[in-house]
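Trainee: Structure file input05.cif, mmCIF, C-alpha atoms and all ligand atoms, is pasted below:
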```cif
data_start
#
loop_
_atom_site.label_atom_id
_atom_site.label_comp_id
_atom_site.auth_asym_id
_atom_site.auth_seq_id
_atom_site.Cartn_x
_atom_site.Cartn_y
_atom_site.Cartn_z
CA MET A 758 -3.13 -14.82 -34.85
CA ASP A 759 -3.70 -11.14 -35.24
CA PHE A 760 -2.21 -8.42 -33.03
CA SER A 761 -3.73 -5.49 -34.92
CA VAL A 762 -5.29 -3.00 -32.52
CA SER A 763 -9.00 -2.32 -33.02
CA GLU A 764 -10.28 1.24 -33.40
CA LYS A 765 -11.96 0.95 -30.01
CA MET A 766 -8.68 -0.02 -28.37
CA GLN A 767 -6.73 2.67 -30.22
CA THR A 768 -9.12 5.25 -28.77
CA ILE A 769 -8.86 3.79 -25.26
CA ILE A 770 -5.04 3.61 -25.37
CA GLY A 771 -4.89 7.17 -26.70
CA MET A 772 -7.05 8.40 -23.80
CA ILE A 773 -4.96 6.49 -21.26
CA ASN A 774 -1.64 7.74 -22.65
CA GLU A 775 -2.92 11.30 -22.51
CA PHE A 776 -4.14 10.84 -18.92
CA VAL A 777 -0.81 9.30 -17.84
CA ASP A 778 1.12 12.18 -19.45
CA LYS A 779 -1.10 14.99 -18.16
CA GLU A 780 -2.33 13.75 -14.79
CA LEU A 781 0.02 11.08 -13.43
CA ILE A 782 3.58 11.80 -14.57
CA PRO A 783 3.40 15.35 -13.14
CA MET A 784 2.48 13.81 -9.75
CA GLU A 785 5.41 11.45 -9.66
CA ALA A 786 8.00 13.78 -8.11
CA GLU A 787 5.69 14.22 -5.09
CA TYR A 788 4.84 10.51 -5.05
CA LEU A 789 8.51 9.53 -4.95
CA SER A 790 9.21 11.77 -1.96
CA HIS A 791 6.03 11.13 0.09
CA ASP A 792 4.39 8.30 1.94
CA PHE A 793 1.66 6.54 -0.09
CA LEU A 794 -1.05 7.45 2.45
CA GLU A 795 -0.21 11.14 2.14
CA MET A 796 -0.76 10.86 -1.61
CA LEU A 797 -3.98 8.86 -1.37
CA PRO A 798 -6.45 11.82 -1.34
CA VAL A 799 -5.07 13.21 -4.59
CA ILE A 800 -4.94 9.72 -6.15
CA ARG A 801 -8.63 9.32 -5.20
CA GLU A 802 -9.38 12.54 -7.12
CA LYS A 803 -7.67 11.10 -10.19
CA GLN A 804 -9.64 7.88 -9.76
CA GLU A 805 -12.89 9.86 -9.90
CA MET A 806 -11.71 11.34 -13.21
CA VAL A 807 -11.00 7.83 -14.51
CA LYS A 808 -14.52 6.71 -13.51
CA LYS A 809 -16.05 9.67 -15.34
CA MET A 810 -14.03 8.75 -18.44
CA GLU A 811 -15.52 5.22 -18.15
CA LEU A 812 -12.06 3.66 -18.02
CA TRP A 813 -12.43 2.24 -14.49
CA ALA A 814 -11.33 -1.35 -13.79
CA PRO A 815 -10.47 -2.19 -17.42
CA ASN A 816 -9.95 -5.93 -16.93
CA PHE A 817 -12.86 -6.61 -14.59
CA PRO A 818 -16.17 -8.07 -15.78
CA ALA A 819 -18.46 -5.51 -17.40
CA GLU A 820 -21.56 -6.83 -15.58
CA LEU A 821 -19.84 -6.00 -12.29
CA GLY A 822 -18.79 -2.47 -13.19
CA GLY A 823 -15.51 -3.02 -15.04
CA MET A 824 -14.78 -2.54 -18.74
CA GLY A 825 -14.68 -6.28 -19.48
CA LEU A 826 -11.65 -6.14 -21.77
CA SER A 827 -10.12 -9.36 -23.07
CA LEU A 828 -6.69 -10.38 -21.83
CA LEU A 829 -5.00 -9.12 -24.98
CA GLU A 830 -6.88 -5.81 -24.82
CA HIS A 831 -6.08 -5.37 -21.16
CA GLY A 832 -2.43 -6.17 -21.96
CA LEU A 833 -2.33 -3.06 -24.14
CA VAL A 834 -3.93 -1.02 -21.35
CA SER A 835 -1.45 -2.42 -18.83
CA GLU A 836 1.45 -1.40 -21.07
CA ALA A 837 0.16 2.18 -21.32
CA LEU A 838 -0.45 2.37 -17.56
CA GLY A 839 2.92 0.80 -16.72
CA ARG A 840 4.72 3.94 -17.86
CA SER A 841 3.92 5.47 -14.47
CA PRO A 842 4.13 3.80 -11.04
CA LEU A 843 0.70 5.38 -10.38
CA GLY A 844 -1.00 3.97 -13.48
CA HIS A 845 -2.50 0.67 -12.40
CA PHE A 846 -3.71 1.82 -8.99
CA THR A 847 -5.37 4.92 -10.42
CA PHE A 848 -7.25 2.90 -13.05
CA TRP A 849 -7.98 0.14 -10.49
CA CYS A 850 -6.37 -2.86 -12.13
CA GLN A 851 -3.47 -3.28 -9.68
CA ALA A 852 -1.99 -6.46 -8.26
CA PRO A 853 -2.87 -8.20 -6.02
CA ASP A 854 -6.52 -7.06 -6.28
CA ALA A 855 -6.69 -7.89 -9.98
CA GLY A 856 -5.86 -11.55 -9.34
CA ASN A 857 -8.22 -11.73 -6.38
CA VAL A 858 -11.06 -10.33 -8.48
CA GLU A 859 -10.43 -13.03 -11.04
CA ILE A 860 -10.60 -15.92 -8.57
CA LEU A 861 -13.54 -14.47 -6.63
CA HIS A 862 -15.39 -14.09 -9.92
CA MET A 863 -14.58 -17.66 -11.00
CA PHE A 864 -14.86 -19.50 -7.69
CA GLY A 865 -16.73 -17.26 -5.24
CA ASN A 866 -20.31 -18.09 -4.23
CA ASP A 867 -23.10 -15.49 -4.38
CA GLU A 868 -22.57 -14.33 -0.81
CA GLN A 869 -18.79 -13.98 -1.26
CA LYS A 870 -19.33 -12.04 -4.47
CA GLU A 871 -21.76 -9.68 -2.78
CA THR A 872 -19.60 -9.18 0.32
CA TYR A 873 -16.12 -9.03 -1.20
CA LEU A 874 -16.11 -8.90 -4.98
CA LYS A 875 -18.62 -6.11 -5.55
CA PRO A 876 -17.03 -3.52 -3.24
CA LEU A 877 -13.57 -4.58 -4.45
CA ILE A 878 -14.42 -3.81 -8.07
CA GLN A 879 -16.05 -0.54 -7.04
CA GLY A 880 -12.79 0.51 -5.36
CA LYS A 881 -14.43 0.74 -1.92
CA ILE A 882 -12.11 -1.86 -0.39
CA ARG A 883 -8.74 -3.46 -1.12
CA SER A 884 -7.51 -7.02 -0.67
CA CYS A 885 -4.30 -9.03 -0.42
CA PHE A 886 -3.05 -12.52 -1.21
CA SER A 887 -1.25 -14.42 1.55
CA MET A 888 0.64 -17.47 0.36
CA THR A 889 4.40 -17.07 0.81
CA GLU A 890 5.82 -18.12 4.18
CA VAL A 891 8.85 -16.91 6.08
CA ASP A 892 10.28 -20.36 6.83
CA MET A 893 9.24 -22.28 3.73
CA PRO A 894 10.32 -21.90 0.07
CA GLY A 895 7.79 -19.88 -1.89
CA SER A 896 9.19 -21.58 -5.00
CA ASN A 897 7.78 -24.88 -3.81
CA PRO A 898 4.40 -24.00 -2.29
CA VAL A 899 3.48 -27.62 -1.62
CA MET A 900 5.71 -27.24 1.45
CA LEU A 901 3.25 -24.84 3.12
CA GLU A 902 3.20 -24.92 6.92
CA THR A 903 0.16 -22.75 7.52
CA THR A 904 -2.79 -24.87 8.61
CA ALA A 905 -6.54 -24.31 8.71
CA VAL A 906 -8.10 -26.83 11.08
CA LYS A 907 -11.87 -27.34 11.31
CA ASP A 908 -13.40 -26.57 14.68
CA GLY A 909 -17.20 -26.54 14.85
CA ASP A 910 -18.39 -24.32 11.98
CA ASP A 911 -15.03 -22.57 11.71
CA TYR A 912 -11.51 -22.91 10.40
CA VAL A 913 -8.75 -22.02 12.86
CA ILE A 914 -5.72 -20.74 10.96
CA ASN A 915 -2.14 -20.75 12.24
CA GLY A 916 0.90 -19.76 10.22
CA HIS A 917 3.60 -17.22 9.51
CA LYS A 918 3.40 -15.46 6.15
CA TRP A 919 5.29 -12.59 4.60
CA TYR A 920 5.31 -10.61 1.41
CA THR A 921 1.55 -10.30 1.68
CA THR A 922 1.57 -7.28 -0.60
CA ALA A 923 -0.76 -4.41 0.32
CA ALA A 924 -2.12 -6.12 3.47
CA ASP A 925 -1.79 -2.81 5.34
CA GLY A 926 -5.24 -1.22 4.98
CA ALA A 927 -6.74 -4.18 3.11
CA GLU A 928 -10.24 -5.37 4.06
CA PHE A 929 -9.54 -9.05 3.54
CA ALA A 930 -6.80 -11.54 2.70
CA ILE A 931 -7.12 -14.64 0.58
CA VAL A 932 -5.01 -17.08 2.58
CA MET A 933 -3.50 -20.30 1.33
CA ALA A 934 -3.50 -22.91 4.10
CA VAL A 935 -3.28 -26.69 4.46
CA THR A 936 -6.77 -28.10 5.15
CA ASN A 937 -6.26 -31.72 4.07
CA PRO A 938 -2.78 -32.86 5.16
CA GLU A 939 -3.52 -36.52 4.33
CA ALA A 940 -4.61 -35.82 0.74
CA HIS A 941 -2.47 -36.03 -2.39
CA THR A 942 0.21 -33.28 -2.29
CA TYR A 943 -1.59 -31.02 -4.74
CA LEU A 944 -4.93 -31.42 -2.97
CA GLN A 945 -3.81 -30.46 0.54
CA ALA A 946 -4.25 -26.69 0.48
CA SER A 947 -7.28 -24.43 0.23
CA MET A 948 -7.94 -20.74 -0.21
CA ILE A 949 -9.80 -19.08 2.62
CA ILE A 950 -11.09 -15.53 2.83
CA VAL A 951 -9.93 -13.87 6.06
CA PRO A 952 -11.19 -10.38 6.95
CA THR A 953 -8.15 -8.51 8.27
CA LYS A 954 -10.04 -7.36 11.37
CA THR A 955 -10.43 -10.98 12.51
CA PRO A 956 -8.74 -11.53 15.90
CA GLY A 957 -5.55 -13.52 15.27
CA PHE A 958 -4.75 -11.74 11.99
CA ASN A 959 -1.65 -9.99 13.26
CA LEU A 960 0.21 -7.69 10.91
CA VAL A 961 3.71 -7.77 12.42
CA ARG A 962 5.31 -5.14 10.17
CA ASN A 963 5.59 -3.79 6.69
CA ILE A 964 8.86 -5.36 5.55
CA PRO A 965 11.55 -2.92 4.41
CA VAL A 966 12.10 -3.73 0.72
CA MET A 967 15.14 -2.08 -0.90
CA GLY A 968 15.18 0.40 1.98
CA HIS A 969 11.45 1.27 2.01
CA SER A 970 8.79 -0.14 4.32
CA GLY A 971 6.07 1.86 2.58
CA SER A 972 2.48 1.99 3.78
CA ASP A 973 -1.04 1.03 2.79
CA TYR A 974 -1.22 -0.20 -0.80
CA ALA A 975 2.51 0.41 -1.33
CA SER A 976 3.77 -2.11 1.23
CA HIS A 977 4.50 -5.80 1.80
CA ALA A 978 3.45 -7.22 5.16
CA GLU A 979 4.66 -9.94 7.46
CA ILE A 980 1.65 -11.57 9.08
CA LEU A 981 1.22 -14.00 11.95
CA TYR A 982 -2.01 -15.99 11.82
CA GLN A 983 -2.50 -16.97 15.45
CA SER A 984 -5.60 -19.08 16.12
CA CYS A 985 -7.32 -16.91 13.55
CA ARG A 986 -10.90 -18.16 13.42
CA VAL A 987 -13.14 -17.68 10.38
CA PRO A 988 -16.38 -19.44 9.42
CA GLN A 989 -16.03 -22.41 7.05
CA LYS A 990 -18.28 -20.59 4.60
CA ASN A 991 -15.24 -18.39 3.89
CA LEU A 992 -13.67 -21.23 1.92
CA LEU A 993 -13.11 -20.05 -1.66
CA GLY A 994 -13.85 -22.79 -4.18
CA PRO A 995 -13.73 -26.47 -3.24
CA GLU A 996 -11.65 -27.60 -0.27
CA GLY A 997 -8.22 -28.85 -1.30
CA HIS A 998 -8.30 -26.95 -4.61
CA GLY A 999 -6.01 -24.09 -3.52
CA PHE A 1000 -3.23 -24.94 -5.97
CA ALA A 1001 -5.58 -25.34 -8.91
CA ILE A 1002 -7.15 -21.96 -8.15
CA ALA A 1003 -3.68 -20.39 -7.73
CA GLN A 1004 -2.80 -21.59 -11.23
CA GLU A 1005 -5.89 -19.86 -12.62
CA ARG A 1006 -4.77 -16.69 -10.87
CA LEU A 1007 -1.20 -16.76 -12.11
CA GLY A 1008 -1.61 -17.33 -15.88
CA PRO A 1009 -3.42 -14.11 -16.84
CA GLY A 1010 -1.64 -12.26 -13.98
CA ARG A 1011 1.69 -12.86 -15.67
CA ILE A 1012 0.44 -11.21 -18.86
CA HIS A 1013 -0.66 -8.17 -16.81
CA HIS A 1014 2.77 -8.01 -15.17
CA CYS A 1015 4.71 -8.49 -18.41
CA MET A 1016 2.76 -5.78 -20.21
CA ARG A 1017 3.22 -3.44 -17.23
CA TRP A 1018 6.96 -4.16 -17.39
CA LEU A 1019 6.92 -3.34 -21.10
CA GLY A 1020 5.35 0.01 -20.19
CA ILE A 1021 8.26 0.54 -17.80
CA CYS A 1022 10.66 -0.40 -20.62
CA LYS A 1023 9.04 2.20 -22.85
CA ARG A 1024 9.34 4.94 -20.24
CA ALA A 1025 12.96 4.06 -19.42
CA PHE A 1026 13.79 3.84 -23.14
CA ASP A 1027 12.23 7.26 -23.81
CA LEU A 1028 14.20 8.78 -20.93
CA MET A 1029 17.41 7.11 -22.11
CA CYS A 1030 17.04 8.41 -25.69
CA TYR A 1031 16.09 11.91 -24.54
CA ARG A 1032 19.09 12.08 -22.22
CA ALA A 1033 21.44 10.65 -24.84
CA ASN A 1034 20.47 13.43 -27.24
CA GLU A 1035 20.51 16.23 -24.65
CA ARG A 1036 23.58 15.53 -22.54
CA VAL A 1037 26.64 17.28 -23.97
CA ILE A 1038 29.77 15.46 -22.84
CA HIS A 1039 32.55 17.21 -24.79
CA PRO A 1040 33.56 20.82 -25.47
CA ASP A 1041 33.04 20.13 -29.19
CA GLY A 1042 29.33 19.86 -28.38
CA SER A 1043 29.05 16.11 -28.90
CA THR A 1044 26.42 14.32 -26.88
CA LEU A 1045 26.22 10.99 -25.11
CA GLY A 1046 24.15 9.74 -28.01
CA SER A 1047 27.10 10.21 -30.35
CA ARG A 1048 29.05 7.51 -28.51
CA GLN A 1049 29.01 3.99 -29.89
CA ILE A 1050 28.40 2.26 -26.59
CA VAL A 1051 25.29 4.34 -25.87
CA ARG A 1052 24.03 3.71 -29.40
CA GLN A 1053 24.53 0.00 -28.84
CA TRP A 1054 22.49 0.16 -25.61
CA ILE A 1055 19.74 1.96 -27.49
CA ALA A 1056 19.74 -0.47 -30.42
CA ASP A 1057 19.86 -3.53 -28.16
CA SER A 1058 17.07 -2.15 -25.96
CA ALA A 1059 14.85 -1.34 -28.97
CA ALA A 1060 15.21 -4.88 -30.35
CA GLU A 1061 14.85 -6.59 -26.97
CA ILE A 1062 11.69 -4.62 -26.12
CA GLU A 1063 10.13 -5.39 -29.49
CA ALA A 1064 10.90 -9.12 -29.15
CA ALA A 1065 9.59 -9.23 -25.56
CA ARG A 1066 6.43 -7.38 -26.59
CA LEU A 1067 5.59 -9.71 -29.47
CA MET A 1068 6.18 -12.76 -27.28
CA THR A 1069 3.88 -11.35 -24.60
CA LEU A 1070 1.11 -10.49 -27.06
CA ASN A 1071 1.43 -14.00 -28.45
CA ALA A 1072 1.15 -15.53 -24.96
CA ALA A 1073 -1.96 -13.42 -24.26
CA TRP A 1074 -3.46 -14.49 -27.57
CA GLN A 1075 -2.72 -18.14 -26.72
CA ILE A 1076 -4.42 -17.83 -23.31
CA ASP A 1077 -7.46 -16.10 -24.87
CA ASN A 1078 -7.73 -18.74 -27.61
CA VAL A 1079 -6.45 -22.07 -26.30
CA GLY A 1080 -6.47 -21.51 -22.51
CA ALA A 1081 -3.84 -20.92 -19.80
CA LYS A 1082 -2.89 -24.59 -19.45
CA ALA A 1083 -2.07 -25.09 -23.13
CA ALA A 1084 -0.20 -21.77 -23.13
CA ARG A 1085 2.02 -22.53 -20.14
CA ASP A 1086 5.30 -22.72 -22.09
CA HIS A 1087 4.62 -19.28 -23.55
CA ILE A 1088 3.74 -17.96 -20.09
CA SER A 1089 6.94 -19.35 -18.53
CA MET A 1090 9.10 -17.89 -21.29
CA ILE A 1091 7.72 -14.37 -21.08
CA LYS A 1092 7.83 -14.33 -17.27
CA TYR A 1093 11.64 -14.48 -17.15
CA LEU A 1094 12.36 -12.99 -20.55
CA VAL A 1095 10.39 -9.76 -20.01
CA ALA A 1096 11.49 -9.36 -16.38
CA ASN A 1097 15.14 -9.54 -17.46
CA THR A 1098 14.58 -7.29 -20.48
CA MET A 1099 13.05 -4.68 -18.19
CA ASN A 1100 15.88 -4.95 -15.67
CA ARG A 1101 18.48 -4.49 -18.44
CA VAL A 1102 16.68 -1.56 -20.06
CA VAL A 1103 16.15 0.25 -16.75
CA ASP A 1104 19.78 -0.38 -15.82
CA ARG A 1105 21.06 1.03 -19.13
CA ALA A 1106 18.77 4.07 -18.87
CA LEU A 1107 19.97 4.70 -15.33
CA GLN A 1108 23.60 4.38 -16.44
CA VAL A 1109 23.08 6.91 -19.24
CA HIS A 1110 21.76 9.36 -16.61
CA GLY A 1111 24.91 8.99 -14.48
CA GLY A 1112 24.51 10.47 -10.98
CA LEU A 1113 21.09 11.85 -11.92
CA GLY A 1114 19.91 8.27 -12.50
CA MET A 1115 20.59 7.42 -8.86
CA THR A 1116 18.39 10.25 -7.56
CA ASP A 1117 14.62 10.44 -7.36
CA ASP A 1118 14.68 13.38 -9.79
CA THR A 1119 13.73 10.88 -12.48
CA VAL A 1120 11.54 7.81 -12.05
CA LEU A 1121 14.42 5.47 -13.01
CA ALA A 1122 15.77 4.85 -9.52
CA TYR A 1123 12.23 3.97 -8.37
CA PHE A 1124 11.92 1.44 -11.20
CA PHE A 1125 15.39 0.08 -10.39
CA ARG A 1126 14.48 -0.44 -6.71
CA HIS A 1127 10.99 -1.80 -7.16
CA GLU A 1128 11.23 -3.88 -10.28
CA ARG A 1129 14.21 -6.04 -9.38
CA ALA A 1130 11.63 -8.16 -7.61
CA ALA A 1131 10.08 -9.05 -10.98
CA ARG A 1132 12.69 -11.79 -11.33
CA ILE A 1133 11.52 -13.32 -8.03
CA TYR A 1134 7.74 -13.03 -7.53
CA ASP A 1135 5.19 -15.10 -9.48
CA GLY A 1136 7.88 -17.73 -9.95
CA ALA A 1137 11.60 -16.93 -9.85
CA ASP A 1138 13.48 -16.99 -13.17
CA GLU A 1139 15.18 -20.27 -12.33
CA VAL A 1140 11.93 -22.05 -11.45
CA HIS A 1141 10.33 -21.12 -14.79
CA LYS A 1142 13.47 -22.09 -16.69
CA MET A 1143 13.74 -25.44 -14.88
CA SER A 1144 10.14 -26.44 -15.54
CA LEU A 1145 10.13 -25.17 -19.14
CA ALA A 1146 13.36 -27.03 -19.97
CA LYS A 1147 11.97 -30.17 -18.32
CA ARG A 1148 8.86 -30.03 -20.52
CA ILE A 1149 10.94 -29.35 -23.63
CA LEU A 1150 13.30 -32.26 -22.91
CA LYS A 1151 10.31 -34.55 -22.44
CA THR A 1152 9.21 -33.88 -26.00
CA TYR A 1153 12.62 -35.14 -27.17
CA GLU A 1154 12.53 -38.36 -25.19
CA GLY A 1155 12.83 -41.40 -27.44
CA LYS A 1156 13.51 -39.24 -30.50
CA VAL A 1157 16.58 -39.55 -32.65
CA VAL A 1158 17.81 -36.21 -33.90
CA LYS A 1159 20.53 -36.06 -36.59
C1 LIG B 1 7.97 -7.48 -4.08
C2 LIG B 1 7.38 -8.82 -3.80
C3 LIG B 1 5.99 -8.96 -3.70
C4 LIG B 1 5.44 -10.19 -3.39
N1 LIG B 1 4.07 -10.30 -3.20
C5 LIG B 1 3.55 -11.46 -2.77
C6 LIG B 1 2.15 -11.55 -2.42
O1 LIG B 1 1.38 -10.58 -2.57
N2 LIG B 1 1.68 -12.71 -1.90
C7 LIG B 1 2.49 -13.80 -1.71
O2 LIG B 1 2.00 -14.82 -1.24
N3 LIG B 1 3.82 -13.76 -2.04
C8 LIG B 1 4.36 -12.61 -2.55
N4 LIG B 1 5.70 -12.53 -2.83
C9 LIG B 1 6.55 -13.69 -2.54
C10 LIG B 1 7.07 -14.38 -3.79
O3 LIG B 1 6.03 -15.06 -4.45
C11 LIG B 1 8.22 -15.32 -3.35
O4 LIG B 1 9.29 -14.49 -2.90
C12 LIG B 1 8.68 -16.25 -4.45
O5 LIG B 1 7.69 -17.22 -4.72
C13 LIG B 1 9.99 -16.95 -4.11
O6 LIG B 1 9.87 -17.62 -2.88
P1 LIG B 1 10.97 -17.40 -1.72
O7 LIG B 1 11.15 -15.95 -1.52
O8 LIG B 1 10.55 -18.21 -0.56
O9 LIG B 1 12.32 -17.93 -2.35
P2 LIG B 1 12.83 -19.45 -2.37
O10 LIG B 1 11.73 -20.36 -2.76
O11 LIG B 1 13.56 -19.72 -1.12
O12 LIG B 1 13.86 -19.39 -3.58
C14 LIG B 1 15.05 -18.58 -3.51
C15 LIG B 1 15.77 -18.65 -4.83
O13 LIG B 1 16.18 -19.98 -5.07
C16 LIG B 1 16.16 -20.27 -6.45
N5 LIG B 1 15.34 -21.48 -6.65
C17 LIG B 1 14.22 -21.82 -5.97
N6 LIG B 1 13.72 -22.98 -6.42
C18 LIG B 1 14.54 -23.38 -7.42
C19 LIG B 1 14.56 -24.51 -8.30
N7 LIG B 1 13.61 -25.45 -8.28
N8 LIG B 1 15.57 -24.59 -9.20
C20 LIG B 1 16.53 -23.65 -9.27
N9 LIG B 1 16.55 -22.56 -8.48
C21 LIG B 1 15.58 -22.43 -7.57
C22 LIG B 1 15.62 -19.04 -7.16
O14 LIG B 1 16.71 -18.29 -7.66
C23 LIG B 1 14.93 -18.27 -6.06
O15 LIG B 1 14.94 -16.88 -6.29
C24 LIG B 1 6.27 -11.32 -3.20
C25 LIG B 1 7.66 -11.19 -3.34
C26 LIG B 1 8.22 -9.96 -3.63
C27 LIG B 1 9.72 -9.84 -3.74
#
```
Written as structure tokens, that's how I'd like the structure from this file.

Mentor:
Amino acid sequence: MDFSVSEKMQTIIGMINEFVDKELIPMEAEYLSHDFLEMLPVIREKQEMVKKMELWAPNFPAELGGMGLSLLEHGLVSEALGRSPLGHFTFWCQAPDAGNVEILHMFGNDEQKETYLKPLIQGKIRSCFSMTEVDMPGSNPVMLETTAVKDGDDYVINGHKWYTTAADGAEFAIVMAVTNPEAHTYLQASMIIVPTKTPGFNLVRNIPVMGHSGSDYASHAEILYQSCRVPQKNLLGPEGHGFAIAQERLGPGRIHHCMRWLGICKRAFDLMCYRANERVIHPDGSTLGSRQIVRQWIADSAAEIEAARLMTLNAAWQIDNVGAKAARDHISMIKYLVANTMNRVVDRALQVHGGLGMTDDTVLAYFFRHERAARIYDGADEVHKMSLAKRILKTYEGKVVK
């Protein structure tokens, strides 16, 4: 395996880093103190600049208007963009749209691609992914309660979902619902495309998360599907294949997340080191950085980030070369390892900033609030650890080790 960065990618990453530094980081102070919708017009201006630079939709297929980067290449892009909370949305490779593009591209029929995928890649519409339910454990999705029952040419959907990220203002949701309750457990659910203007798609509220309800793209909705009727042609992929399609969505998505989190690590680490050198804490002029405990945080963070980064690049390489299924141990490991690395690094950086770290005068408090969730979504830490350990133990069954 080879993680050397091609000349093409070095140029692209250089352009992105410059854009993040010059165009996005200066906008952050306003972003942190304003509603997302208020910021949208100026973000749209930045998106036009990105299109002109031909850096739009880096991970989406080239034939559909994206840059068509490989997973490993896009990982590097995601890391550079992750340094700012505005990065992924401005370059149009944000979750949950990125995952939806992937499954629409792989499983959508021609009509679905024309109606939903094309405008989604062009940035004309947004989407959301509606799987987690209020009353059922998201960690065990086979316990879904939402149903889609055939009636004439339609499906009639009933269910209570939440954490449907970015549903507010989205054009359509990809909804996971039980279509075949009598089938084998893993063949009971399907993915169905539901335009959000469909009667019965009822957005109850944007859930307050760590004190913020947010709006539009920057929100997480609770949704009641109440006799929500859509044509059967809105089925995405084969009926009963919802879980298989979800797996396709999650593998590469975890690389995107992990590399974004490594971008956050980099930003928090830079801020921590800068502050450690600048902050004088004694009349003799000594700085925070002269203290052993701060140096230990810096040394630990540097090593942990490097280890997490190499593991993530390796997982991306494995997916690109042997496929997501064969790479699942690597994917599980990085999901919890990188999420926890990021949480520790952000926490240390915030601590080094003292009271300033708790304010929105730096981006650290934003990262602290928003990124705690990394240990929960796309499989909580414990779920990944349980299934990884189970697979590892299986390989030892019947073996004698001395
Ligand atoms: C910010 C954010 C955005 C999200 N966006 C989306 C989205 O766009 N679409 C969507 O459908 N969902 C989304 N989710 C939901 C997310 O996928 C679920 O929260 C997650 O799957 C966990 O499900 P749960 O909340 O029901 O927790 P539960 O399943 O109830 O689990 C609670 C806790 O129990 C523990 N646990 C669970 N199972 C096990 C086990 N087998 N062994 C040991 N411990 C276990 C874990 O610590 C876990 O955190 C989002 C969540 C957050 C926080």

Trainee: For range 793-809 of chain A, please output as a ChimeraX atom specification all residues within 12 Å (counting all atoms listed in the file; exclusion window: fewer than 4 positions along the same chain).

Mentor: /A:769,772-773,775-777,779-781,784-789,813-815,822-824,842-850,878-881,923,925-926,969-976

Trainee: As lines of an AutoDock Vina configuration file, what would the box around ligand LIG 1 (chain B) look like: edges along x, y and z, 6 Å added on every side, centre and edge lengths in Å to one decimal?

Mentor:
```
center_x = 9.0
center_y = -16.5
center_z = -4.9
size_x = 27.3
size_y = 30.0
size_z = 20.7
```

Trainee: Pick out the residues sitting within 10 Å of Ala1130 in chain A, and hand them over as a PyMOL selection string; count only C-alpha atoms, and ignore anything fewer than 6 positions along from it in its own chain.

Mentor: chain A and resi 966-967+1096+1100+1137

Trainee: Now that the selection is made, can you save its residues with C-alpha atoms as a JSON list (two decimals), keeping the file's coordinate frame?

Mentor:
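Wrote selection_39.json, looks like this:
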```json
[["chain", "number", "residue", "atom", "x", "y", "z"],
["A", 966, "VAL", "CA", 12.10, -3.73, 0.72],
["A", 967, "MET", "CA", 15.14, -2.08, -0.90],
["A", 1096, "ALA", "CA", 11.49, -9.36, -16.38],
["A", 1100, "ASN", "CA", 15.88, -4.95, -15.67],
["A", 1137, "ALA", "CA", 11.60, -16.93, -9.85]]
```

Trainee: Which residue out of A:His1013, A:His831, A:His977, A:Lys907 has the minimum interatomic distance to ligand LIG 1 (chain B) when only C-alpha atoms and all ligand atoms are used?

Mentor: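 Looking only at the distances to ligand LIG 1 (chain B), the closest residue turns out to be A:His977.
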
Trainee: Which residue is closest to ligand LIG 1 (chain B)? Choose from A:Ala1025, A:Val1120, A:Ala924, A:Ala946 and count only C-alpha atoms and all ligand atoms.

Mentor: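 Under the stated criterion, the closest residue is A:Ala924.
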
Trainee: When the cut-off is 7 Å and you count only C-alpha atoms and all ligand atoms, which residues lie near ligand LIG 1 (chain B), shown as a list of chain:residue names?

Mentor: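 Using only C-alpha atoms and all ligand atoms, everything at most 7 Å from ligand LIG 1 (chain B) comes to A:Pro853, A:Cys885, A:Phe886, A:Ser887, A:Met888, A:Thr889, A:Glu890, A:Val891, A:Met893, A:Pro894, A:Gly895, A:Ser896, A:Asn897, A:Trp919, A:Tyr920, A:Thr921, A:Thr922, A:His977, A:Ala1130, A:Ile1133, A:Tyr1134, A:Asp1135, A:Gly1136, A:Ala1137, A:Asp1138, A:Glu1139, A:Val1140, A:Met1143.
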
Trainee: Show me, as a list in words, the residues that have an atom within 12 Å of Thr768 in chain A when counting all atoms listed in the file, minus same-chain residues fewer than 3 positions from it.

Mentor: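 The residues that qualify are Val762, Ser763, Glu764, Lys765, Gly771, Met772, Ile773, Asn774, Glu775, Met810, Leu812, Glu830, Leu833 and Val834 of chain A.
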
Trainee: Show me, as a VMD selection string, the residues that have an atom within 9 Å of Gly1008 in chain A when counting only C-alpha atoms, minus same-chain residues fewer than 2 positions from it.

Mentor: chain A and resid 1003 to 1006 1010 to 1012 1076 1081 to 1082 1084 to 1085 1088

Trainee: Any idea what the distance is between CA of Ser884 in chain A and CA of Asn991 in chain A?

Mentor: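 Atom-to-atom, CA of Ser884 in chain A to CA of Asn991 in chain A, that is 14.5 Å.
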
Trainee: Tell me which of A:Met758, A:Ile770, A:Val1157, A:Leu992 sits closest to Val1079 in chain A, counting only C-alpha atoms.

Mentor: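 The closest residue to Val1079 in chain A is A:Met758.
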
Trainee: How far is it from CA of Gln767 in chain A to CA of Leu838 in chain A, in Å with one decimal?

Mentor: 14.1 Å

Trainee: Could you work out how far CA of Thr1098 in chain A lies from CA of Arg1024 in chain A, giving the answer in Å with one decimal?

Mentor: 13.3 Å

Trainee: For Val1051 in chain A, which residue out of A:Ala1033, A:Arg1129, A:His1039, A:Leu1067 is the nearest one, using all atoms listed in the file?

Mentor: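 Closest to Val1051 in chain A, using all atoms listed in the file: A:Ala1033.
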
Trainee: Residues at most 8 Å from Phe1124 in chain A, counting all atoms listed in the file, excluding those fewer than 4 positions away in the same chain, as a ChimeraX atom specification?

Mentor: /A:1021,1103,1120,1128
